[in-house]
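Shown next, in structure tokens, is the structure this report addresses.
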Amino acid sequence: MECQVTFVEATAMPARTVLVTGGAGYVGSHAVVQLLSQGHEVVVVDNLVNAPRGNDAASPLTECLRRVQEIAGKTLNFHQMDIMDRSQLDRVFACYSFDYVMHFAALKAVGESVEKPLLYYKNNVGGSITLLEAMKDHNVKKLIYSSSATVYGTPQKLPLTEDHPTGVNCTNPYGKSKYFVEEILKDLVTSDKEWRAVSLRYFNPVGAHESGLIGEDPQGVPSNLMPYIAQVAVGRRPRLQVFGDDYDTPDGTGVRDYIHIQDLAVGHLAAARKLLDPCFQGFRAYNLGTGSGLSVLQLVQAFEKASGRQVPYEVVGRRPGDIAYCYSSASLAKRELGWQAQKGVDEMCESVWRWQSKNPNGYRSS
């Protein structure tokens, strides 16, 4: 791999140079739009295991990253590689002078993690360790980590705050892998005071960029609710399966905290400001959520309103490990990062429908 931009000419050097792992994925790509729009130089590394390439197989970019550049009006640097490959990581670090790293690269399907725990621990924990070793050796000791509310496991109290126990009641290997990496980061900042790490615990990201150019495009059968609803509405799937309608909730279906993807992306820039503050030290975790919950059927109804389409559904049995309620308190992020979610369920559903109707087959659309 050569030390050069993979395509087109580089733009003028911005104030910060950021390595984004997993930047071709759903959350990562929206964060990259924000970074580019704010004038940062962005280097994306991604193995593309969860990033469909699109129609132009000859392009060095995924279709997603091509559209990211179109939205931002800026270019980025892209290297297709796996973060578990230390030699390739070293080459990337040797090519650029990074100010900090945003780490999104991970496998993320809860159900798959139960079936393939070793794969998830190898990728999510092992890959993070390899990245941290490379960062240490190249003296880049600032990290924003893409974590998850799954680190809390089964809630002992609601709303979930950052002081809620983590790791004790994790119900799947995906959540445990996120928890283990947070523990590694805590130990790392304790051992070396030069390290700084911010962990962002997402609740349920939904939505798409307002342009309709980028959005969530899961491989195979969606494991998350919103893309499943959207694919039913656009005619790709016959009906939605609702897992249980006998919970102790207003309509019997599970209640979750859904956050617009663009609010989530803005949260990463707020976290970066915190990370780069000379007064910040050590490790800090923040919830990124709205602080309130929506049931499955409330989300279905909101999507039907936004799309003008019916979303047929059938109720099936509960899934093991599912709970009635899960929602956040995001007051710490508001207080310390100056961040809070701005977009409601109507904007979430409207943006997803704009994305899905413009791209019925995702990034593979002609």
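In the structure tokens, chains take the letters A, B, ... in the order shown, each chain's residues start at 1, and ligands count up from 1 in the order shown.
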
Using only C-alpha atoms, what does the table of range 83-147 of chain A residues within 9 Å of range 161-178 of chain A look like, with each row giving the shortest atom pair and its distance in Å to one decimal, sorted by chain and ascending number, as a tab-separated table?
residue	atom	partner	partner_atom	distance
A:Leu107	CA	A:Tyr174	CA	7.8
A:Lys108	CA	A:Tyr174	CA	6.5
A:Ala109	CA	A:Tyr174	CA	7.2
A:Val110	CA	A:Tyr174	CA	5.7
A:Gly111	CA	A:Asn172	CA	8.0
A:Glu112	CA	A:Tyr174	CA	8.6
A:Ser113	CA	A:Pro173	CA	5.4
A:Val114	CA	A:Asn172	CA	5.9
A:Lys116	CA	A:Pro173	CA	8.5
A:Pro117	CA	A:Pro173	CA	5.7
A:Leu118	CA	A:Pro173	CA	8.7
A:Tyr120	CA	A:Tyr174	CA	6.5
A:Tyr121	CA	A:Ser177	CA	5.9
A:Asn124	CA	A:Ser177	CA	6.1
A:Val125	CA	A:Ser177	CA	5.9
A:Ser146	CA	A:Lys178	CA	8.4
A:Ser147	CA	A:Lys178	CA	5.7

- Task: Select from range 36-264 of chain A everything DSSP, run on the backbone, classes as helix (DSSP H, G or I), then give the selection as JSON, numbers by chain.
- Result: {"A": [36, 37, 63, 64, 65, 66, 67, 68, 69, 70, 71, 72, 86, 87, 88, 89, 90, 91, 92, 93, 94, 95, 110, 111, 112, 113, 114, 115, 117, 118, 119, 120, 121, 122, 123, 124, 125, 126, 127, 128, 129, 130, 131, 132, 133, 134, 135, 136, 137, 149, 150, 151, 152, 173, 174, 175, 176, 177, 178, 179, 180, 181, 182, 183, 184, 185, 186, 187, 188, 189, 190, 191, 225, 226, 227, 228, 229, 230, 231, 232, 233, 261, 262, 263, 264]}

Counting only C-alpha atoms, which residues of range 117-206 of chain A sit at most 10 Å from some atom of range 239-258 of chain A, and what is each one's closest atom pair with its distance in Å to one decimal, listed by chain and rising residue number, as a tab-separated table?
residue	atom	partner	partner_atom	distance
A:Ala149	CA	A:Asp257	CA	10.0
A:Tyr202	CA	A:Tyr258	CA	9.3
A:Phe203	CA	A:Asp257	CA	6.0
A:Asn204	CA	A:Tyr258	CA	4.6
A:Pro205	CA	A:Tyr258	CA	5.9
A:Val206	CA	A:Tyr258	CA	6.4

- Item | Picked from range 77-250 of chain A by DSSP as strand (DSSP E or B), as number ranges by chain | A: 77-80, 100-103, 142-148, 160, 196-202, 204-206, 240-243

Residues from the last selection, N, CA, C and O atoms, saved as a short mmCIF file (atom, residue, chain, number, x, y, z; two decimals), in the first residue's frame:
data_model
loop_
_atom_site.label_atom_id
_atom_site.label_comp_id
_atom_site.auth_asym_id
_atom_site.auth_seq_id
_atom_site.Cartn_x
_atom_site.Cartn_y
_atom_site.Cartn_z
N ASN A 77 -9.59 10.14 2.19
CA ASN A 77 -8.60 9.12 1.86
C ASN A 77 -9.13 7.77 2.33
O ASN A 77 -9.57 7.65 3.47
N PHE A 78 -9.08 6.77 1.46
CA PHE A 78 -9.66 5.47 1.79
C PHE A 78 -8.66 4.36 1.58
O PHE A 78 -7.98 4.29 0.55
N HIS A 79 -8.57 3.46 2.58
CA HIS A 79 -7.73 2.27 2.48
C HIS A 79 -8.59 1.06 2.84
O HIS A 79 -9.10 0.98 3.96
N GLN A 80 -8.75 0.14 1.89
CA GLN A 80 -9.48 -1.08 2.18
C GLN A 80 -8.55 -2.04 2.89
O GLN A 80 -7.56 -2.52 2.31
N TYR A 100 -6.33 12.13 16.22
CA TYR A 100 -7.08 11.18 17.04
C TYR A 100 -7.74 10.16 16.12
O TYR A 100 -7.73 10.28 14.89
N VAL A 101 -8.35 9.15 16.74
CA VAL A 101 -8.99 8.05 16.03
C VAL A 101 -10.45 7.95 16.46
O VAL A 101 -10.75 8.03 17.65
N MET A 102 -11.36 7.78 15.49
CA MET A 102 -12.73 7.37 15.75
C MET A 102 -12.85 5.91 15.35
O MET A 102 -12.62 5.57 14.19
N HIS A 103 -13.21 5.07 16.30
CA HIS A 103 -13.17 3.62 16.08
C HIS A 103 -14.57 3.03 16.02
O HIS A 103 -15.22 2.81 17.05
N LYS A 142 -5.29 9.27 21.48
CA LYS A 142 -6.62 9.84 21.70
C LYS A 142 -7.62 9.05 20.87
O LYS A 142 -7.45 8.89 19.66
N LEU A 143 -8.69 8.56 21.52
CA LEU A 143 -9.64 7.67 20.86
C LEU A 143 -11.08 8.01 21.23
O LEU A 143 -11.40 8.22 22.40
N ILE A 144 -11.94 8.02 20.22
CA ILE A 144 -13.39 8.02 20.43
C ILE A 144 -13.89 6.64 20.04
O ILE A 144 -13.70 6.21 18.90
N TYR A 145 -14.51 5.97 20.99
CA TYR A 145 -14.90 4.58 20.81
C TYR A 145 -16.40 4.45 20.60
O TYR A 145 -17.20 5.01 21.35
N SER A 146 -16.78 3.70 19.58
CA SER A 146 -18.18 3.42 19.27
C SER A 146 -18.65 2.26 20.12
O SER A 146 -18.40 1.11 19.82
N SER A 147 -19.34 2.59 21.21
CA SER A 147 -19.83 1.57 22.13
C SER A 147 -21.34 1.41 21.95
O SER A 147 -21.90 1.79 20.93
N SER A 148 -22.00 0.88 22.95
CA SER A 148 -23.41 0.51 22.80
C SER A 148 -24.09 0.44 24.15
O SER A 148 -23.45 0.11 25.17
N LEU A 160 -31.56 4.60 31.96
CA LEU A 160 -30.19 4.14 32.12
C LEU A 160 -29.25 5.34 32.17
O LEU A 160 -29.22 6.17 31.27
N ARG A 196 -6.14 9.27 26.25
CA ARG A 196 -7.46 9.84 26.50
C ARG A 196 -8.47 9.06 25.67
O ARG A 196 -8.22 8.79 24.49
N ALA A 197 -9.60 8.71 26.27
CA ALA A 197 -10.60 7.92 25.54
C ALA A 197 -12.00 8.35 25.95
O ALA A 197 -12.30 8.52 27.14
N VAL A 198 -12.84 8.55 24.95
CA VAL A 198 -14.27 8.82 25.15
C VAL A 198 -15.05 7.68 24.52
O VAL A 198 -14.86 7.37 23.34
N SER A 199 -15.92 7.05 25.31
CA SER A 199 -16.75 5.96 24.82
C SER A 199 -18.19 6.46 24.69
O SER A 199 -18.75 6.99 25.65
N LEU A 200 -18.77 6.29 23.52
CA LEU A 200 -20.13 6.74 23.26
C LEU A 200 -21.05 5.53 23.21
O LEU A 200 -20.92 4.68 22.32
N ARG A 201 -21.95 5.46 24.15
CA ARG A 201 -22.88 4.33 24.25
C ARG A 201 -24.17 4.67 23.51
O ARG A 201 -25.02 5.41 24.03
N TYR A 202 -24.31 4.14 22.30
CA TYR A 202 -25.49 4.41 21.49
C TYR A 202 -26.68 3.61 22.01
O TYR A 202 -26.53 2.49 22.47
N ASN A 204 -30.52 3.28 20.02
CA ASN A 204 -30.95 2.64 18.77
C ASN A 204 -30.88 3.62 17.62
O ASN A 204 -31.83 4.38 17.39
N PRO A 205 -29.77 3.64 16.87
CA PRO A 205 -29.65 4.59 15.75
C PRO A 205 -30.62 4.25 14.63
O PRO A 205 -30.72 3.10 14.19
N VAL A 206 -31.33 5.26 14.15
CA VAL A 206 -32.22 5.11 13.01
C VAL A 206 -32.11 6.38 12.17
O VAL A 206 -31.50 7.36 12.57
N LEU A 240 -43.59 -7.42 8.43
CA LEU A 240 -42.71 -7.29 9.59
C LEU A 240 -43.08 -8.33 10.64
O LEU A 240 -44.26 -8.59 10.86
N GLN A 241 -42.10 -8.91 11.26
CA GLN A 241 -42.33 -9.77 12.41
C GLN A 241 -42.15 -8.96 13.69
O GLN A 241 -41.10 -8.35 13.90
N VAL A 242 -43.18 -8.94 14.52
CA VAL A 242 -43.14 -8.25 15.80
C VAL A 242 -42.94 -9.32 16.88
O VAL A 242 -43.79 -10.20 17.06
N PHE A 243 -41.83 -9.23 17.59
CA PHE A 243 -41.47 -10.28 18.56
C PHE A 243 -42.13 -10.00 19.91
O PHE A 243 -41.55 -9.36 20.78
#

Report the closest atom pair, with its distance in Å rounded to one decimal, for each residue of range 321-344 of chain A that has an atom no farther than 9 Å from range 293-299 of chain A; count only C-alpha atoms, sort by chain and then rising residue number, and write it as a tab-separated table.
residue	atom	partner	partner_atom	distance
A:Tyr325	CA	A:Gly293	CA	7.7
A:Cys326	CA	A:Gly293	CA	7.3
A:Tyr327	CA	A:Gly293	CA	5.7
A:Ser328	CA	A:Gly293	CA	8.4

Quick one: everything within 10 Å of Ala51 in chain A, counting only C-alpha atoms, minus sequence neighbours fewer than 4 positions away in the same chain. Send it as a PDB file with all heavy atoms, in the first residue's frame.
ATOM      1  N   GLY A  22     -13.879   1.651  10.117  1.00  0.00           N
ATOM      2  CA  GLY A  22     -15.274   1.319   9.855  1.00  0.00           C
ATOM      3  C   GLY A  22     -16.064   2.490   9.308  1.00  0.00           C
ATOM      4  O   GLY A  22     -17.289   2.568   9.476  1.00  0.00           O
ATOM      5  N   GLY A  23     -15.388   3.393   8.618  1.00  0.00           N
ATOM      6  CA  GLY A  23     -16.030   4.616   8.141  1.00  0.00           C
ATOM      7  C   GLY A  23     -16.961   4.436   6.960  1.00  0.00           C
ATOM      8  O   GLY A  23     -17.653   5.379   6.580  1.00  0.00           O
ATOM      9  N   ALA A  24     -17.001   3.222   6.374  1.00  0.00           N
ATOM     10  CA  ALA A  24     -17.939   2.955   5.283  1.00  0.00           C
ATOM     11  C   ALA A  24     -19.243   2.359   5.788  1.00  0.00           C
ATOM     12  O   ALA A  24     -20.134   2.069   4.988  1.00  0.00           O
ATOM     13  CB  ALA A  24     -17.297   2.020   4.248  1.00  0.00           C
ATOM     14  N   GLY A  25     -19.362   2.169   7.098  1.00  0.00           N
ATOM     15  CA  GLY A  25     -20.578   1.600   7.665  1.00  0.00           C
ATOM     16  C   GLY A  25     -21.640   2.656   7.926  1.00  0.00           C
ATOM     17  O   GLY A  25     -21.456   3.848   7.622  1.00  0.00           O
ATOM     18  N   TYR A  26     -22.735   2.232   8.508  1.00  0.00           N
ATOM     19  CA  TYR A  26     -23.898   3.102   8.702  1.00  0.00           C
ATOM     20  C   TYR A  26     -23.564   4.304   9.592  1.00  0.00           C
ATOM     21  O   TYR A  26     -23.684   5.464   9.171  1.00  0.00           O
ATOM     22  CB  TYR A  26     -25.035   2.274   9.301  1.00  0.00           C
ATOM     23  CG  TYR A  26     -26.276   3.045   9.691  1.00  0.00           C
ATOM     24  CD1 TYR A  26     -26.832   4.009   8.846  1.00  0.00           C
ATOM     25  CD2 TYR A  26     -26.905   2.783  10.906  1.00  0.00           C
ATOM     26  CE1 TYR A  26     -27.987   4.690   9.211  1.00  0.00           C
ATOM     27  CE2 TYR A  26     -28.057   3.449  11.273  1.00  0.00           C
ATOM     28  CZ  TYR A  26     -28.590   4.411  10.424  1.00  0.00           C
ATOM     29  OH  TYR A  26     -29.738   5.084  10.794  1.00  0.00           O
ATOM     30  N   ASP A  46     -11.497   0.411   6.201  1.00  0.00           N
ATOM     31  CA  ASP A  46     -12.663  -0.460   6.320  1.00  0.00           C
ATOM     32  C   ASP A  46     -12.395  -1.716   5.507  1.00  0.00           C
ATOM     33  O   ASP A  46     -11.864  -1.631   4.394  1.00  0.00           O
ATOM     34  CB  ASP A  46     -13.912   0.256   5.784  1.00  0.00           C
ATOM     35  CG  ASP A  46     -15.214  -0.349   6.312  1.00  0.00           C
ATOM     36  OD1 ASP A  46     -15.416  -1.567   6.119  1.00  0.00           O
ATOM     37  OD2 ASP A  46     -16.025   0.395   6.887  1.00  0.00           O
ATOM     38  N   ASN A  47     -12.757  -2.879   6.054  1.00  0.00           N
ATOM     39  CA  ASN A  47     -12.589  -4.117   5.289  1.00  0.00           C
ATOM     40  C   ASN A  47     -13.799  -4.423   4.414  1.00  0.00           C
ATOM     41  O   ASN A  47     -13.807  -5.414   3.680  1.00  0.00           O
ATOM     42  CB  ASN A  47     -12.291  -5.297   6.221  1.00  0.00           C
ATOM     43  CG  ASN A  47     -13.435  -5.618   7.181  1.00  0.00           C
ATOM     44  OD1 ASN A  47     -14.512  -5.027   7.113  1.00  0.00           O
ATOM     45  ND2 ASN A  47     -13.178  -6.553   8.085  1.00  0.00           N
ATOM     46  N   THR A  62     -16.342   2.515  -1.943  1.00  0.00           N
ATOM     47  CA  THR A  62     -17.692   1.995  -1.924  1.00  0.00           C
ATOM     48  C   THR A  62     -18.616   3.086  -2.444  1.00  0.00           C
ATOM     49  O   THR A  62     -18.289   4.272  -2.433  1.00  0.00           O
ATOM     50  CB  THR A  62     -18.137   1.624  -0.500  1.00  0.00           C
ATOM     51  OG1 THR A  62     -18.247   2.823   0.267  1.00  0.00           O
ATOM     52  CG2 THR A  62     -17.165   0.678   0.161  1.00  0.00           C
ATOM     53  N   GLU A  63     -19.804   2.677  -2.889  1.00  0.00           N
ATOM     54  CA  GLU A  63     -20.789   3.662  -3.318  1.00  0.00           C
ATOM     55  C   GLU A  63     -21.146   4.594  -2.167  1.00  0.00           C
ATOM     56  O   GLU A  63     -21.357   5.791  -2.364  1.00  0.00           O
ATOM     57  CB  GLU A  63     -22.044   2.951  -3.842  1.00  0.00           C
ATOM     58  CG  GLU A  63     -23.173   3.865  -4.268  1.00  0.00           C
ATOM     59  CD  GLU A  63     -22.852   4.731  -5.476  1.00  0.00           C
ATOM     60  OE1 GLU A  63     -21.821   4.488  -6.129  1.00  0.00           O
ATOM     61  OE2 GLU A  63     -23.649   5.642  -5.755  1.00  0.00           O
ATOM     62  N   CYS A  64     -21.182   4.068  -0.965  1.00  0.00           N
ATOM     63  CA  CYS A  64     -21.484   4.883   0.209  1.00  0.00           C
ATOM     64  C   CYS A  64     -20.477   6.023   0.360  1.00  0.00           C
ATOM     65  O   CYS A  64     -20.851   7.185   0.509  1.00  0.00           O
ATOM     66  CB  CYS A  64     -21.501   4.012   1.453  1.00  0.00           C
ATOM     67  SG  CYS A  64     -21.684   4.924   2.998  1.00  0.00           S
ATOM     68  N   LEU A  65     -19.186   5.710   0.308  1.00  0.00           N
ATOM     69  CA  LEU A  65     -18.166   6.745   0.501  1.00  0.00           C
ATOM     70  C   LEU A  65     -18.137   7.725  -0.662  1.00  0.00           C
ATOM     71  O   LEU A  65     -17.830   8.908  -0.484  1.00  0.00           O
ATOM     72  CB  LEU A  65     -16.800   6.109   0.711  1.00  0.00           C
ATOM     73  CG  LEU A  65     -16.619   5.373   2.037  1.00  0.00           C
ATOM     74  CD1 LEU A  65     -15.224   4.757   2.118  1.00  0.00           C
ATOM     75  CD2 LEU A  65     -16.853   6.299   3.230  1.00  0.00           C
ATOM     76  N   GLU A 216     -29.039   3.409   6.111  1.00  0.00           N
ATOM     77  CA  GLU A 216     -28.728   2.055   6.591  1.00  0.00           C
ATOM     78  C   GLU A 216     -29.070   1.039   5.510  1.00  0.00           C
ATOM     79  O   GLU A 216     -30.194   0.998   5.024  1.00  0.00           O
ATOM     80  CB  GLU A 216     -29.511   1.757   7.864  1.00  0.00           C
ATOM     81  CG  GLU A 216     -29.095   0.470   8.553  1.00  0.00           C
ATOM     82  CD  GLU A 216     -29.696   0.295   9.932  1.00  0.00           C
ATOM     83  OE1 GLU A 216     -30.596   1.077  10.287  1.00  0.00           O
ATOM     84  OE2 GLU A 216     -29.262  -0.619  10.651  1.00  0.00           O
ATOM     85  N   ASP A 217     -28.090   0.214   5.152  1.00  0.00           N
ATOM     86  CA  ASP A 217     -28.268  -0.776   4.085  1.00  0.00           C
ATOM     87  C   ASP A 217     -27.731  -2.120   4.571  1.00  0.00           C
ATOM     88  O   ASP A 217     -26.641  -2.546   4.197  1.00  0.00           O
ATOM     89  CB  ASP A 217     -27.525  -0.324   2.823  1.00  0.00           C
ATOM     90  CG  ASP A 217     -27.763  -1.255   1.643  1.00  0.00           C
ATOM     91  OD1 ASP A 217     -28.759  -2.015   1.672  1.00  0.00           O
ATOM     92  OD2 ASP A 217     -26.956  -1.233   0.688  1.00  0.00           O
ATOM     93  N   PRO A 218     -28.493  -2.799   5.445  1.00  0.00           N
ATOM     94  CA  PRO A 218     -28.002  -4.051   6.022  1.00  0.00           C
ATOM     95  C   PRO A 218     -27.875  -5.156   4.981  1.00  0.00           C
ATOM     96  O   PRO A 218     -28.605  -5.191   3.994  1.00  0.00           O
ATOM     97  CB  PRO A 218     -29.063  -4.399   7.068  1.00  0.00           C
ATOM     98  CG  PRO A 218     -30.299  -3.717   6.584  1.00  0.00           C
ATOM     99  CD  PRO A 218     -29.842  -2.454   5.913  1.00  0.00           C
ATOM    100  N   GLN A 219     -26.923  -6.048   5.230  1.00  0.00           N
ATOM    101  CA  GLN A 219     -26.727  -7.206   4.366  1.00  0.00           C
ATOM    102  C   GLN A 219     -27.703  -8.306   4.779  1.00  0.00           C
ATOM    103  O   GLN A 219     -27.830  -8.627   5.953  1.00  0.00           O
ATOM    104  CB  GLN A 219     -25.294  -7.723   4.484  1.00  0.00           C
ATOM    105  CG  GLN A 219     -24.231  -6.663   4.244  1.00  0.00           C
ATOM    106  CD  GLN A 219     -24.238  -6.169   2.819  1.00  0.00           C
ATOM    107  OE1 GLN A 219     -23.811  -6.869   1.911  1.00  0.00           O
ATOM    108  NE2 GLN A 219     -24.748  -4.970   2.614  1.00  0.00           N
ATOM    109  N   TYR A 363     -27.511   0.529  -1.703  1.00  0.00           N
ATOM    110  CA  TYR A 363     -26.438   1.061  -2.546  1.00  0.00           C
ATOM    111  C   TYR A 363     -26.277   0.297  -3.853  1.00  0.00           C
ATOM    112  O   TYR A 363     -25.511   0.705  -4.717  1.00  0.00           O
ATOM    113  CB  TYR A 363     -25.106   1.061  -1.778  1.00  0.00           C
ATOM    114  CG  TYR A 363     -25.091   2.066  -0.645  1.00  0.00           C
ATOM    115  CD1 TYR A 363     -25.061   1.649   0.684  1.00  0.00           C
ATOM    116  CD2 TYR A 363     -25.131   3.426  -0.916  1.00  0.00           C
ATOM    117  CE1 TYR A 363     -25.052   2.561   1.718  1.00  0.00           C
ATOM    118  CE2 TYR A 363     -25.133   4.351   0.110  1.00  0.00           C
ATOM    119  CZ  TYR A 363     -25.094   3.923   1.422  1.00  0.00           C
ATOM    120  OH  TYR A 363     -25.095   4.836   2.439  1.00  0.00           O
TER     121      TYR A 363
END

- Of the listed residues A:Trp355, A:Pro360, A:Leu19, A:Val32, that which approaches Gln69 in chain A most closely, counting only C-alpha atoms: A:Val32

- Task: Provide the CA of Lys334 in chain A to CA of Tyr152 in chain A distance in Å, to one decimal place.
- Result: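 Distance between the two atoms: 20.1 Å.
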
- Query: Quick one: residues within 9 Å of Cys349 in chain A, only C-alpha atoms counted, chain neighbours fewer than 3 positions away excluded, as a PyMOL selection string?
  - Reply: chain A and resi 206-208+226+230+299+302-307+344-346+352-354
